[in-house]
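Listing of work.csv; format and content: CSV, C-alpha atoms.
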chain,number,residue,atom,x,y,z
I,1,MET,CA,16.4,-42.0,12.9
I,2,LYS,CA,15.8,-40.3,16.3
I,3,ILE,CA,18.2,-37.5,15.3
I,4,PHE,CA,16.4,-37.0,12.0
I,5,ARG,CA,13.0,-36.8,13.6
I,6,ALA,CA,14.2,-34.4,16.3
I,7,ALA,CA,15.8,-32.1,13.6
I,8,ALA,CA,12.6,-32.2,11.5
I,9,ILE,CA,10.5,-31.3,14.6
I,10,CYS,CA,12.9,-28.5,15.6
I,11,SER,CA,12.8,-27.1,12.0
I,12,LEU,CA,9.1,-27.2,11.8
I,13,VAL,CA,8.7,-25.5,15.2
I,14,LEU,CA,11.3,-22.8,14.2
I,15,ALA,CA,9.5,-22.2,10.8
I,16,MET,CA,6.1,-21.9,12.6
I,17,VAL,CA,7.5,-19.4,15.2
I,18,ILE,CA,9.1,-17.3,12.4
I,19,SER,CA,5.9,-17.3,10.4
I,20,LEU,CA,3.8,-16.2,13.3
I,21,THR,CA,6.0,-13.2,14.1
I,22,GLY,CA,6.5,-11.9,10.6
I,23,CYS,CA,4.4,-10.2,8.0
I,24,ILE,CA,4.6,-9.3,4.4
I,25,VAL,CA,4.2,-5.7,3.3
I,26,ILE,CA,3.3,-5.1,-0.3
I,27,PRO,CA,3.4,-1.4,-1.3
I,28,ILE,CA,0.9,-0.2,-3.9
I,29,HIS,CA,1.5,3.2,-5.6
I,30,LYS,CA,-1.0,5.6,-7.3
I,31,ARG,CA,-0.8,9.0,-8.9
I,32,TYR,CA,-3.9,11.1,-9.5
I,33,ASP,CA,-2.9,11.7,-13.1
I,34,ASP,CA,-6.1,10.3,-14.6
I,35,ILE,CA,-8.5,13.0,-13.5
I,36,ASP,CA,-10.5,14.2,-16.5
I,37,ARG,CA,-10.2,18.0,-16.3
I,38,GLU,CA,-13.2,18.5,-18.6
I,39,GLN,CA,-15.4,16.7,-16.0
I,40,VAL,CA,-14.2,18.9,-13.0
I,41,ALA,CA,-16.6,21.6,-11.9
I,42,SER,CA,-14.5,22.9,-9.0
I,43,VAL,CA,-11.9,22.1,-6.4
I,44,ASP,CA,-12.5,23.0,-2.7
I,45,VAL,CA,-10.0,22.9,0.1
I,46,TYR,CA,-10.9,22.1,3.7
I,47,ASP,CA,-8.8,23.0,6.7
I,48,LEU,CA,-9.3,20.4,9.5
I,49,ARG,CA,-6.4,21.5,11.7
I,50,ASN,CA,-8.7,22.8,14.4
I,51,SER,CA,-11.7,20.5,13.6
I,52,GLU,CA,-13.1,17.9,16.0
I,53,SER,CA,-13.7,15.5,13.1
I,54,HIS,CA,-11.1,14.2,10.8
I,55,TYR,CA,-13.3,11.4,9.5
I,56,SER,CA,-15.7,11.3,6.6
I,57,ASN,CA,-18.5,13.0,8.5
I,58,PHE,CA,-16.4,16.3,8.6
I,59,LEU,CA,-18.5,17.5,5.6
I,60,GLU,CA,-21.5,17.8,7.9
I,61,THR,CA,-19.7,20.3,10.1
I,62,GLU,CA,-17.0,22.0,8.0
I,63,THR,CA,-17.1,24.3,5.1
I,64,ALA,CA,-14.5,24.8,2.5
I,65,VAL,CA,-11.9,27.5,3.3
I,66,TYR,CA,-11.0,28.1,-0.3
I,67,THR,CA,-12.2,27.2,-3.8
I,68,LEU,CA,-9.5,27.2,-6.5
I,69,SER,CA,-10.1,29.6,-9.3
I,70,GLU,CA,-10.5,28.4,-12.8
I,71,ASP,CA,-7.0,29.7,-13.7
I,72,GLN,CA,-5.5,27.5,-10.9
I,73,LEU,CA,-7.1,24.2,-11.8
I,74,ASP,CA,-4.7,23.1,-14.6
I,75,GLY,CA,-1.6,23.9,-12.5
I,76,PHE,CA,-3.1,22.1,-9.5
I,77,PHE,CA,-3.9,18.9,-11.4
I,78,SER,CA,-0.5,18.9,-12.9
I,79,ASP,CA,1.2,19.3,-9.5
I,80,LEU,CA,-1.2,16.7,-8.0
I,81,ALA,CA,-0.2,14.2,-10.7
I,82,ASN,CA,3.4,14.5,-9.5
I,83,ILE,CA,2.7,13.3,-6.0
I,84,ARG,CA,3.1,9.6,-5.4
I,85,PHE,CA,0.4,8.1,-3.1
I,86,THR,CA,1.0,4.8,-1.4
I,87,ASP,CA,-1.1,2.1,0.2
I,88,ASN,CA,0.4,-0.9,1.9
I,89,LEU,CA,-1.1,-4.3,1.6
I,90,ILE,CA,-0.1,-6.0,4.8
I,91,ILE,CA,-0.3,-9.8,4.9
I,92,THR,CA,-0.2,-11.1,8.5
I,93,ILE,CA,-2.0,-13.4,10.8
I,94,ALA,CA,-3.3,-10.6,13.0
I,95,ALA,CA,-5.9,-8.3,11.8
I,96,VAL,CA,-4.7,-4.8,10.7
I,97,ASP,CA,-7.3,-2.0,10.5
I,98,PRO,CA,-6.7,0.6,7.8
I,99,SER,CA,-6.8,4.3,8.4
I,100,PHE,CA,-10.2,6.1,8.2
I,101,TYR,CA,-8.6,9.4,9.1
I,102,TYR,CA,-8.4,12.5,7.0
I,103,GLY,CA,-5.4,14.7,7.7
I,104,ASP,CA,-5.2,18.5,8.3
I,105,TRP,CA,-5.9,19.4,4.6
I,106,VAL,CA,-8.5,17.7,2.4
I,107,VAL,CA,-9.1,18.5,-1.2
I,108,ARG,CA,-12.6,18.0,-2.6
I,109,ILE,CA,-12.8,17.6,-6.4
I,110,ASN,CA,-16.4,18.3,-7.5
I,111,TYR,CA,-17.4,16.8,-10.9
I,112,ALA,CA,-20.0,18.2,-13.3
I,113,ASP,CA,-22.3,15.3,-12.7
I,114,GLY,CA,-22.6,16.1,-9.0
I,115,SER,CA,-20.2,13.4,-7.8
I,116,TYR,CA,-17.1,14.3,-5.8
I,117,SER,CA,-13.8,12.9,-4.5
I,118,LEU,CA,-12.0,13.6,-1.2
I,119,ILE,CA,-8.2,13.3,-1.2
I,120,SER,CA,-5.9,13.7,1.7
I,121,CYS,CA,-2.4,12.7,2.7
I,122,SER,CA,-3.3,10.6,5.7
I,123,GLY,CA,-4.2,7.4,4.1
I,124,TYR,CA,-7.9,7.8,3.4
I,125,GLY,CA,-10.0,9.0,0.5
I,126,GLU,CA,-13.5,8.6,-0.7
I,127,THR,CA,-15.6,9.1,-3.8
I,128,TYR,CA,-19.3,10.0,-3.6
I,129,ASP,CA,-22.0,9.9,-6.2
I,130,ALA,CA,-24.4,12.8,-6.9
I,131,ASN,CA,-26.7,11.5,-4.1
I,132,GLY,CA,-24.0,11.7,-1.5
I,133,GLN,CA,-23.5,7.9,-1.3
I,134,VAL,CA,-20.0,6.5,-1.0
I,135,ILE,CA,-19.2,4.6,-4.2
I,136,ASP,CA,-15.4,4.1,-3.6
I,137,SER,CA,-12.9,4.4,-0.8
I,138,ASN,CA,-9.2,4.0,-0.7
I,139,HIS,CA,-6.3,4.1,1.8
I,140,PHE,CA,-3.7,6.0,-0.3
I,141,GLY,CA,-1.6,8.5,1.5
I,142,CYS,CA,1.4,10.6,0.7
I,143,ASP,CA,4.2,12.6,2.4
I,144,ASP,CA,2.7,15.2,4.7
I,145,ASP,CA,5.2,17.9,3.8
I,146,GLU,CA,4.7,17.3,0.0
I,147,TRP,CA,0.9,17.6,0.5
I,148,GLU,CA,1.2,20.8,2.6
I,149,GLN,CA,3.4,22.3,-0.1
I,150,LEU,CA,0.8,21.5,-2.7
I,151,VAL,CA,-2.0,23.0,-0.7
I,152,GLY,CA,0.1,26.0,0.4
I,153,LYS,CA,0.9,26.7,-3.3
I,154,TYR,CA,-2.8,27.3,-4.1
I,155,VAL,CA,-4.4,28.5,-0.9
I,156,PRO,CA,-3.7,32.1,0.0
I,157,GLU,CA,-1.3,32.8,2.9
I,158,ASP,CA,-3.9,34.3,5.2
I,159,ILE,CA,-5.9,31.1,5.1
I,160,PHE,CA,-2.9,28.7,5.1
Written as structure tokens, that's how I'd like the structure from this file.
Amino acid sequence: MKIFRAAAICSLVLAMVISLTGCIVIPIHKRYDDIDREQVASVDVYDLRNSESHYSNFLETETAVYTLSEDQLDGFFSDLANIRFTDNLIITIAAVDPSFYYGDWVVRINYADGSYSLISCSGYGETYDANGQVIDSNHFGCDDDEWEQLVGKYVPEDIF
């Protein structure tokens, strides 16, 4: 009986130690293939490589470096739909703060109703209503090189 009790206690302690040191990562994938092209007014590109702010308040200090032409929009949305964005749901005992950081290149999709969405590769994006209030945010990011190739394909070389 003493051996059984000692084995049970050791097993419980071992299970507890393992559970406290591990975590579960659940990847969630998204593609921006559901954007209604008819509702899009314009697409602006922001270059934050030399900016002091890579957070949502960058719109207060930065201006778009390029606005895609009407002829570029269909190709851009087709290429954007091919990029897989990922967010990781992390289940752990310790708190894990998500990213609130925009990367070097941010795309702003402006809709006809005055709302707009900000997309980047660094694991943060927001959607604003026509009054400039955040109505949605996400933490989807993608491969940096793939994002830069997309932006570089549509932004002129002298800007990129």
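Closest approach to Val107 of chain I from the set I:Ile35, I:Leu68, I:Val45, I:Val25 is made by I:Val45, with distances taken over all atoms listed in the file.
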- prompt: Pick from I:Asp87, I:Asp71, I:Glu60, I:Asp113: nearest to Val40 of chain I, with only C-alpha atoms counted?
  reply: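 Looking at the shortest contact to Val40 of chain I, the residue is I:Asp113.
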Separation of atom CA of Asp79 of chain I and atom CA of Val155 of chain I, in Å?
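Computing the Euclidean distance for atom CA of Asp79 of chain I and atom CA of Val155 of chain I yields 13.8 Å.
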(request) Figure out the distance between atom CA of Tyr111 of chain I and atom CA of Gly132 of chain I, please, to one decimal in Å. (result)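 Interatomic distance here is 12.6 Å.
Atom CA of Tyr102 of chain I lies 17.8 Å from atom CA of Gln133 of chain I.
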Judged by all atoms listed in the file, the minimum distance to Arg108 of chain I among I:Tyr46, I:Phe77, I:Phe85, I:Tyr32 is found for I:Tyr46
Exercise for the section: Excluding Asp104 of chain I and any residue of its chain fewer than 4 positions from it, enumerate the residues within 7 Å of it, using all atoms listed in the file, and give them as a list in words. Expected result: Asp47, Leu48 and Arg49 of chain I
Within 10 Å of Gly75 of chain I, counting only C-alpha atoms, which residues show up once you throw out same-chain ones fewer than 5 positions away? Write them as a list of chain:residue names, please.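 Counting only the stated atoms, we get I:Glu70, I:Leu80, I:Ala81, I:Lys153, I:Tyr154.
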Of I:Cys142, I:Ile159, I:Val43, I:Ile26, the one nearest to Tyr116 of chain I when counting only C-alpha atoms is I:Val43
Which residues come within 10 Å of Ile24 of chain I, counting only C-alpha atoms, excluding same-chain residues fewer than 4 positions away, as a ChimeraX atom specification? /I:88-92
Of I:Thr86, I:Gly123, I:Phe58, I:Tyr66, the one sitting nearest His29 of chain I when using all atoms listed in the file is I:Thr86
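Excluding Glu146 of chain I itself and any same-chain residue fewer than 4 positions from it, the protein and nucleic acid residues within 9 Å of it, counting only C-alpha atoms, are Ile83, Cys121, Cys142, Leu150 and Val151 of chain I.
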